[in-house]
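Structure data follow from model_10.cif (mmCIF, C-alpha atoms):
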```cif
data_my_file
#
loop_
_atom_site.group_PDB
_atom_site.id
_atom_site.type_symbol
_atom_site.label_atom_id
_atom_site.label_comp_id
_atom_site.auth_asym_id
_atom_site.auth_seq_id
_atom_site.Cartn_x
_atom_site.Cartn_y
_atom_site.Cartn_z
ATOM 1 C CA MET Y 1 -17.558 12.673 34.959
ATOM 2 C CA LYS Y 2 -13.896 11.829 34.991
ATOM 3 C CA ASP Y 3 -14.304 9.016 32.487
ATOM 4 C CA LYS Y 4 -16.123 11.336 30.163
ATOM 5 C CA TYR Y 5 -13.309 13.860 30.502
ATOM 6 C CA VAL Y 6 -10.662 11.259 29.679
ATOM 7 C CA GLU Y 7 -12.706 10.097 26.718
ATOM 8 C CA LEU Y 8 -13.014 13.661 25.487
ATOM 9 C CA VAL Y 9 -9.287 14.307 25.878
ATOM 10 C CA GLU Y 10 -8.433 11.150 23.986
ATOM 11 C CA LYS Y 11 -10.822 12.136 21.242
ATOM 12 C CA HIS Y 12 -9.321 15.572 20.803
ATOM 13 C CA THR Y 13 -5.589 15.205 21.468
ATOM 14 C CA PRO Y 14 -4.481 13.478 18.238
ATOM 15 C CA LYS Y 15 -6.700 15.749 16.169
ATOM 16 C CA GLU Y 16 -5.002 18.876 17.515
ATOM 17 C CA ASP Y 17 -1.623 17.305 16.870
ATOM 18 C CA ILE Y 18 -2.539 16.677 13.258
ATOM 19 C CA VAL Y 19 -3.664 20.273 12.774
ATOM 20 C CA LYS Y 20 -0.559 21.608 14.506
ATOM 21 C CA ASN Y 21 1.783 19.367 12.501
ATOM 22 C CA ALA Y 22 0.098 20.376 9.253
ATOM 23 C CA THR Y 23 0.339 24.083 10.131
ATOM 24 C CA VAL Y 24 3.985 23.817 11.166
ATOM 25 C CA SER Y 25 4.947 21.984 7.990
ATOM 26 C CA PHE Y 26 2.948 24.437 5.861
ATOM 27 C CA LEU Y 27 4.670 27.480 7.393
ATOM 28 C CA ALA Y 28 8.161 25.968 7.497
ATOM 29 C CA GLY Y 29 7.844 24.600 3.961
ATOM 30 C CA GLY Y 30 6.639 27.982 2.748
ATOM 31 C CA VAL Y 31 9.546 29.795 4.410
ATOM 32 C CA LEU Y 32 11.951 27.310 2.799
ATOM 33 C CA GLY Y 33 10.296 28.081 -0.550
ATOM 34 C CA ILE Y 34 10.777 31.838 -0.043
ATOM 35 C CA LEU Y 35 14.421 31.392 1.026
ATOM 36 C CA SER Y 36 15.229 29.298 -2.029
ATOM 37 C CA GLU Y 37 13.470 31.802 -4.277
ATOM 38 C CA LEU Y 38 15.707 34.518 -2.724
ATOM 39 C CA LEU Y 39 18.727 32.284 -3.336
ATOM 40 C CA LEU Y 40 17.604 31.702 -6.936
ATOM 41 C CA ARG Y 41 17.331 35.456 -7.576
ATOM 42 C CA GLY Y 42 20.705 35.930 -5.852
ATOM 43 C CA TYR Y 43 22.469 33.373 -8.038
ATOM 44 C CA MET Y 44 20.896 34.866 -11.167
ATOM 45 C CA MET Y 45 22.107 38.348 -10.141
ATOM 46 C CA TRP Y 46 25.558 37.639 -8.652
ATOM 47 C CA PHE Y 47 26.806 35.034 -11.133
ATOM 48 C CA SER Y 48 24.561 36.128 -14.032
ATOM 49 C CA LEU Y 49 23.367 32.536 -14.455
ATOM 50 C CA PRO Y 50 20.364 31.739 -16.643
ATOM 51 C CA ARG Y 51 17.244 30.756 -14.701
ATOM 52 C CA LYS Y 52 17.468 27.027 -15.409
ATOM 53 C CA GLU Y 53 21.094 26.687 -14.258
ATOM 54 C CA ALA Y 54 20.428 28.875 -11.208
ATOM 55 C CA GLY Y 55 17.622 26.467 -10.237
ATOM 56 C CA VAL Y 56 20.051 23.542 -10.406
ATOM 57 C CA VAL Y 57 22.583 25.427 -8.252
ATOM 58 C CA VAL Y 58 19.845 26.140 -5.663
ATOM 59 C CA ILE Y 59 19.071 22.391 -5.502
ATOM 60 C CA LEU Y 60 22.792 21.596 -5.115
ATOM 61 C CA THR Y 61 23.149 24.172 -2.320
ATOM 62 C CA LEU Y 62 20.255 22.627 -0.397
ATOM 63 C CA ILE Y 63 21.665 19.114 -0.896
ATOM 64 C CA VAL Y 64 25.098 20.087 0.450
ATOM 65 C CA ILE Y 65 23.626 21.977 3.443
ATOM 66 C CA ALA Y 66 21.311 19.061 4.298
ATOM 67 C CA SER Y 67 24.161 16.532 4.028
ATOM 68 C CA ILE Y 68 26.415 18.566 6.332
ATOM 69 C CA LEU Y 69 23.624 19.095 8.887
ATOM 70 C CA THR Y 70 22.926 15.338 8.802
ATOM 71 C CA ALA Y 71 26.594 14.546 9.407
ATOM 72 C CA PHE Y 72 26.599 16.838 12.461
ATOM 73 C CA GLY Y 73 23.419 15.168 13.727
ATOM 74 C CA VAL Y 74 21.424 18.417 13.642
ATOM 75 C CA PHE Y 75 19.069 17.430 10.840
ATOM 76 C CA ASP Y 76 17.088 14.841 12.814
ATOM 77 C CA GLN Y 77 16.374 17.378 15.559
ATOM 78 C CA CYS Y 78 15.155 19.855 12.934
ATOM 79 C CA VAL Y 79 12.899 17.184 11.365
ATOM 80 C CA SER Y 80 11.275 16.409 14.718
ATOM 81 C CA LYS Y 81 10.429 20.113 15.049
ATOM 82 C CA LEU Y 82 9.588 21.107 11.461
ATOM 83 C CA LYS Y 83 8.078 17.748 10.371
ATOM 84 C CA SER Y 84 7.775 17.023 6.666
ATOM 85 C CA ALA Y 85 8.823 20.554 5.686
ATOM 86 C CA LEU Y 86 12.358 19.124 5.554
ATOM 87 C CA ILE Y 87 11.530 15.640 4.242
ATOM 88 C CA ILE Y 88 9.596 16.570 1.119
ATOM 89 C CA PRO Y 89 12.006 19.182 -0.283
ATOM 90 C CA ILE Y 90 15.180 17.826 -1.891
ATOM 91 C CA THR Y 91 16.848 18.092 1.560
ATOM 92 C CA GLY Y 92 15.089 14.853 2.570
ATOM 93 C CA PHE Y 93 16.675 13.049 -0.386
ATOM 94 C CA ALA Y 94 20.173 14.206 0.635
ATOM 95 C CA HIS Y 95 19.440 13.386 4.277
ATOM 96 C CA SER Y 96 18.406 9.808 3.487
ATOM 97 C CA MET Y 97 21.639 9.211 1.544
ATOM 98 C CA THR Y 98 23.993 10.732 4.099
ATOM 99 C CA SER Y 99 22.322 9.058 7.064
ATOM 100 C CA ALA Y 100 22.423 5.659 5.326
ATOM 101 C CA ALA Y 101 26.112 6.143 4.479
ATOM 102 C CA LEU Y 102 26.941 7.152 8.073
ATOM 103 C CA GLU Y 103 24.850 4.361 9.563
ATOM 104 C CA TYR Y 104 26.364 1.504 7.550
ATOM 105 C CA ARG Y 105 29.949 2.735 7.456
ATOM 106 C CA LYS Y 106 30.975 0.316 10.197
ATOM 107 C CA GLU Y 107 30.095 -2.603 7.889
ATOM 108 C CA GLY Y 108 32.822 -1.624 5.462
ATOM 109 C CA MET Y 109 33.459 0.586 2.470
ATOM 110 C CA VAL Y 110 31.860 -1.681 -0.150
ATOM 111 C CA LEU Y 111 29.341 -3.825 1.708
ATOM 112 C CA GLY Y 112 28.485 -0.999 4.104
ATOM 113 C CA ILE Y 113 28.508 2.383 2.362
ATOM 114 C CA GLY Y 114 28.419 1.031 -1.179
ATOM 115 C CA ALA Y 115 25.557 -1.393 -0.720
ATOM 116 C CA ASN Y 116 23.406 0.812 1.478
ATOM 117 C CA ILE Y 117 23.849 4.411 0.266
ATOM 118 C CA PHE Y 118 20.756 4.092 -1.969
ATOM 119 C CA LYS Y 119 18.814 2.121 0.627
ATOM 120 C CA LEU Y 120 16.242 4.902 1.172
ATOM 121 C CA ALA Y 121 16.929 7.209 -1.781
ATOM 122 C CA GLY Y 122 16.692 4.249 -4.150
ATOM 123 C CA THR Y 123 12.896 4.133 -3.990
ATOM 124 C CA VAL Y 124 12.705 7.740 -5.186
ATOM 125 C CA ILE Y 125 14.970 6.981 -8.146
ATOM 126 C CA LEU Y 126 13.265 3.656 -8.941
ATOM 127 C CA TYR Y 127 9.716 4.997 -9.001
ATOM 128 C CA GLY Y 128 10.875 8.188 -10.744
ATOM 129 C CA ILE Y 129 12.428 6.222 -13.610
ATOM 130 C CA VAL Y 130 9.606 3.683 -13.947
ATOM 131 C CA SER Y 131 6.914 6.372 -13.967
ATOM 132 C CA VAL Y 132 8.854 8.479 -16.488
ATOM 133 C CA TYR Y 133 9.104 5.493 -18.850
ATOM 134 C CA VAL Y 134 5.376 4.804 -18.546
ATOM 135 C CA PHE Y 135 4.293 8.449 -18.879
ATOM 136 C CA GLY Y 136 6.917 9.180 -21.538
ATOM 137 C CA ILE Y 137 5.722 6.327 -23.768
ATOM 138 C CA ILE Y 138 2.108 7.455 -23.286
ATOM 139 C CA ARG Y 139 3.033 11.020 -24.228
ATOM 140 C CA LEU Y 140 5.073 9.935 -27.257
ATOM 141 C CA ILE Y 141 2.152 7.851 -28.521
ATOM 142 C CA VAL Y 142 -0.516 10.468 -27.789
ATOM 143 C CA MET Y 143 1.324 13.654 -28.724
ATOM 144 C CA GLY Y 144 4.252 12.358 -30.773
ATOM 145 C CA GLY Y 145 6.889 14.097 -28.628
ATOM 146 C CA MET Q 1 7.235 39.960 -5.628
ATOM 147 C CA GLU Q 2 4.219 37.769 -6.359
ATOM 148 C CA THR Q 3 6.575 34.880 -7.016
ATOM 149 C CA TYR Q 4 7.564 34.884 -3.323
ATOM 150 C CA VAL Q 5 3.915 34.573 -2.277
ATOM 151 C CA TYR Q 6 3.285 31.748 -4.743
ATOM 152 C CA ALA Q 7 6.558 30.053 -3.719
ATOM 153 C CA PHE Q 8 5.453 30.202 -0.071
ATOM 154 C CA LEU Q 9 1.974 28.883 -0.854
ATOM 155 C CA PHE Q 10 3.015 26.058 -3.198
ATOM 156 C CA CYS Q 11 5.960 24.734 -1.168
ATOM 157 C CA GLY Q 12 3.967 25.006 2.061
ATOM 158 C CA PHE Q 13 0.970 23.301 0.447
ATOM 159 C CA VAL Q 14 3.032 20.325 -0.760
ATOM 160 C CA CYS Q 15 4.655 19.907 2.665
ATOM 161 C CA MET Q 16 1.283 20.195 4.413
ATOM 162 C CA ILE Q 17 -0.311 17.523 2.198
ATOM 163 C CA SER Q 18 2.550 15.126 2.897
ATOM 164 C CA GLN Q 19 2.315 15.790 6.645
ATOM 165 C CA LEU Q 20 -1.422 15.081 6.529
ATOM 166 C CA ILE Q 21 -0.763 11.808 4.681
ATOM 167 C CA LEU Q 22 1.922 10.847 7.226
ATOM 168 C CA ASP Q 23 -0.321 11.607 10.207
ATOM 169 C CA ASN Q 24 -3.521 10.021 8.920
ATOM 170 C CA THR Q 25 -2.218 6.865 7.273
ATOM 171 C CA LYS Q 26 0.399 4.227 8.044
ATOM 172 C CA LEU Q 27 2.627 5.319 5.138
ATOM 173 C CA THR Q 28 6.260 6.180 5.910
ATOM 174 C CA PRO Q 29 8.238 9.168 4.546
ATOM 175 C CA GLY Q 30 9.686 6.772 1.958
ATOM 176 C CA HIS Q 31 6.207 6.002 0.607
ATOM 177 C CA VAL Q 32 5.259 9.680 0.486
ATOM 178 C CA THR Q 33 8.411 10.820 -1.337
ATOM 179 C CA SER Q 34 8.018 8.014 -3.904
ATOM 180 C CA LEU Q 35 4.373 8.967 -4.387
ATOM 181 C CA PHE Q 36 5.237 12.638 -4.870
ATOM 182 C CA VAL Q 37 7.915 11.860 -7.466
ATOM 183 C CA VAL Q 38 5.310 9.934 -9.482
ATOM 184 C CA VAL Q 39 2.825 12.813 -9.053
ATOM 185 C CA GLY Q 40 5.472 15.304 -10.272
ATOM 186 C CA ALA Q 41 6.167 13.194 -13.360
ATOM 187 C CA MET Q 42 2.437 12.808 -13.997
ATOM 188 C CA LEU Q 43 1.826 16.555 -13.761
ATOM 189 C CA ASP Q 44 4.538 17.217 -16.312
ATOM 190 C CA VAL Q 45 3.203 14.808 -18.946
ATOM 191 C CA PHE Q 46 1.145 17.617 -20.443
ATOM 192 C CA GLY Q 47 3.304 20.493 -19.202
ATOM 193 C CA ILE Q 48 1.292 21.467 -16.112
ATOM 194 C CA TYR Q 49 4.300 21.442 -13.781
ATOM 195 C CA ASP Q 50 6.180 23.768 -16.169
ATOM 196 C CA LYS Q 51 3.464 26.365 -15.608
ATOM 197 C CA ILE Q 52 3.664 25.881 -11.830
ATOM 198 C CA VAL Q 53 7.444 26.456 -11.981
ATOM 199 C CA LEU Q 54 6.845 29.597 -14.045
ATOM 200 C CA TYR Q 55 4.575 31.091 -11.357
ATOM 201 C CA CYS Q 56 6.064 29.652 -8.156
ATOM 202 C CA GLY Q 57 9.768 29.826 -9.041
ATOM 203 C CA ALA Q 58 12.026 28.049 -6.573
ATOM 204 C CA GLY Q 59 8.982 27.134 -4.472
ATOM 205 C CA ALA Q 60 8.198 24.541 -7.150
ATOM 206 C CA ILE Q 61 11.830 23.565 -7.793
ATOM 207 C CA ILE Q 62 12.809 22.345 -4.320
ATOM 208 C CA PRO Q 63 9.988 19.881 -3.421
ATOM 209 C CA ILE Q 64 10.659 16.279 -4.480
ATOM 210 C CA THR Q 65 7.855 16.560 -7.067
ATOM 211 C CA SER Q 66 10.310 18.593 -9.131
ATOM 212 C CA PHE Q 67 12.585 15.521 -9.297
ATOM 213 C CA GLY Q 68 9.943 13.655 -11.282
ATOM 214 C CA HIS Q 69 9.321 16.745 -13.374
ATOM 215 C CA LEU Q 70 13.038 17.127 -14.213
ATOM 216 C CA LEU Q 71 13.354 13.410 -15.068
ATOM 217 C CA ILE Q 72 10.515 13.473 -17.584
ATOM 218 C CA HIS Q 73 11.548 16.914 -18.861
ATOM 219 C CA GLY Q 74 15.054 15.718 -19.752
ATOM 220 C CA ALA Q 75 13.656 12.528 -21.288
ATOM 221 C CA MET Q 76 11.096 14.360 -23.427
ATOM 222 C CA ASP Q 77 13.623 16.989 -24.606
ATOM 223 C CA VAL Q 78 15.837 14.282 -26.108
ATOM 224 C CA ALA Q 79 12.863 12.133 -27.172
ATOM 225 C CA SER Q 80 11.549 14.952 -29.353
ATOM 226 C CA GLU Q 81 14.709 14.554 -31.469
ATOM 227 C CA ASN Q 82 15.473 10.834 -31.190
ATOM 228 C CA GLY Q 83 12.074 9.210 -30.645
ATOM 229 C CA PHE Q 84 11.745 6.349 -28.169
ATOM 230 C CA MET Q 85 15.537 5.991 -27.678
ATOM 231 C CA GLY Q 86 15.527 9.521 -26.330
ATOM 232 C CA LEU Q 87 13.649 8.361 -23.230
ATOM 233 C CA ALA Q 88 16.624 6.233 -22.216
ATOM 234 C CA LEU Q 89 19.258 8.740 -23.328
ATOM 235 C CA GLY Q 90 17.890 11.870 -21.738
ATOM 236 C CA ILE Q 91 16.234 10.682 -18.546
ATOM 237 C CA PHE Q 92 19.062 11.868 -16.259
ATOM 238 C CA ASP Q 93 20.049 14.955 -18.245
ATOM 239 C CA LEU Q 94 18.727 17.430 -15.680
ATOM 240 C CA THR Q 95 18.893 15.431 -12.437
ATOM 241 C CA SER Q 96 22.434 14.053 -12.766
ATOM 242 C CA ALA Q 97 23.858 17.082 -10.944
ATOM 243 C CA GLY Q 98 21.623 16.555 -7.922
ATOM 244 C CA ILE Q 99 22.180 12.797 -7.676
ATOM 245 C CA SER Q 100 25.958 12.927 -8.183
ATOM 246 C CA VAL Q 101 26.481 15.768 -5.704
ATOM 247 C CA ALA Q 102 24.318 13.979 -3.129
ATOM 248 C CA VAL Q 103 26.282 10.732 -3.589
ATOM 249 C CA VAL Q 104 29.702 12.407 -3.420
ATOM 250 C CA SER Q 105 28.892 14.547 -0.394
ATOM 251 C CA ALA Q 106 27.281 11.594 1.425
ATOM 252 C CA PHE Q 107 30.346 9.437 0.732
ATOM 253 C CA PHE Q 108 32.949 11.909 1.970
ATOM 254 C CA LEU Q 109 30.873 12.975 4.974
ATOM 255 C CA ALA Q 110 30.506 9.298 5.931
ATOM 256 C CA LEU Q 111 34.295 9.001 5.865
ATOM 257 C CA LEU Q 112 34.788 12.120 7.988
ATOM 258 C CA PHE Q 113 32.011 11.723 10.576
ATOM 259 C CA LYS Q 114 30.717 9.053 12.910
ATOM 260 C CA PRO Q 115 26.969 8.402 13.270
ATOM 261 C CA ARG Q 116 25.291 10.100 16.216
ATOM 262 C CA HIS Q 117 22.274 8.776 18.014
#
```
In structure tokens, what does this structure look like?
Amino acid sequence: MKDKYVELVEKHTPKEDIVKNATVSFLAGGVLGILSELLLRGYMMWFSLPRKEAGVVVILTLIVIASILTAFGVFDQCVSKLKSALIIPITGFAHSMTSAALEYRKEGMVLGIGANIFKLAGTVILYGIVSVYVFGIIRLIVMGG
Amino acid sequence: METYVYAFLFCGFVCMISQLILDNTKLTPGHVTSLFVVVGAMLDVFGIYDKIVLYCGAGAIIPITSFGHLLIHGAMDVASENGFMGLALGIFDLTSAGISVAVVSAFFLALLFKPRH
């Protein structure tokens, strides 16, 4: 009886965690989306920015907030609670840079910060550029621009 | 008002998918963000991501997929005038602000703070 119970618990525990994690990241990611939409409308209204520029300023705001939270050590605690809702938005990109810079600072300004600041963010930039070249050439050939 | 609903749904959906990938496979956050950048660029090849941005507003701008979308968008804007050279010239037109601000803030914060564990 007890063995069966343990087996059942083991079968169900990770499954519930997956559902819970997915729900938490869905809700938290959605709230972050609403907040940045509010911020976007705010920037368009207060500074009378066009929509495109306001979008860039929203991204910059999130990057600066995420970097500061990382420097204070708060960001990692938030990630363990809110899961990938903070990793997938642009905040995760800023977090990876700031944490790499903080981590490797003790190895020096050039060989530490300089060599390692793109350690994690570099993959995003690398695969972004490579895929844009591939897709861009395809689109230029197929559609002519 | 509808934009808020769509922003909630889209941003939440993207985060949920990535969490499901992280929990069910051995991929790390680095793999997932790289994958999503490629997906964002792929969706914008024929202008699909532009439509998503139109409906979802900032909900589609802040996920990392938008990074790929902005890269290819800048490249194609210049490429429509200059041909193939435009790909190289315009690729960072729209993302340079994000990358440079992230680098500068990371650098100065690393000078000011010590790592915490």
Ground truth for the PyMOL selection byres ((chain Y) within 6 of (chain Q)), written as a PyMOL selection string: chain Y and resi 22+25-27+29-30+33-34+36-37+60+73+84-85+88-90+94+98+101-103+124+128+131-132+145
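Reported to one decimal place, the separation of CA of Met97 in chain Y from CA of Phe118 in chain Y is 6.3 Å.
In this model, the gap between CA of Val74 in chain Y and CA of Gly122 in chain Y comes to 23.2 Å.
When you apply the PyMOL selection byres ((chain Y and resi 116) around 9) to this structure, what comes back is Met97, Ala100, Ala101, Glu103, Tyr104, Val110, Leu111, Gly112, Ile113, Gly114, Ala115, Ile117, Phe118, Lys119 and Leu120 of chain Y.
Atom to atom, CA of Gln77 in chain Y and CA of Ser96 in chain Y stand 14.4 Å apart.
Against the coordinates shown, the PyMOL selection byres ((chain Y and resi 52-57) around 7) returns Leu40, Tyr43, Met44, Leu49, Pro50, Arg51, Val58, Ile59, Leu60 and Thr61 of chain Y; Ala58 and Ile61 of chain Q.
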Using all atoms listed in the file, which protein or nucleic acid residues come within 7 Å of Thr91 in chain Y? Drop anything in the same chain fewer than 6 positions from it, and give the result as a PyMOL selection string. chain Y and resi 62-63+66
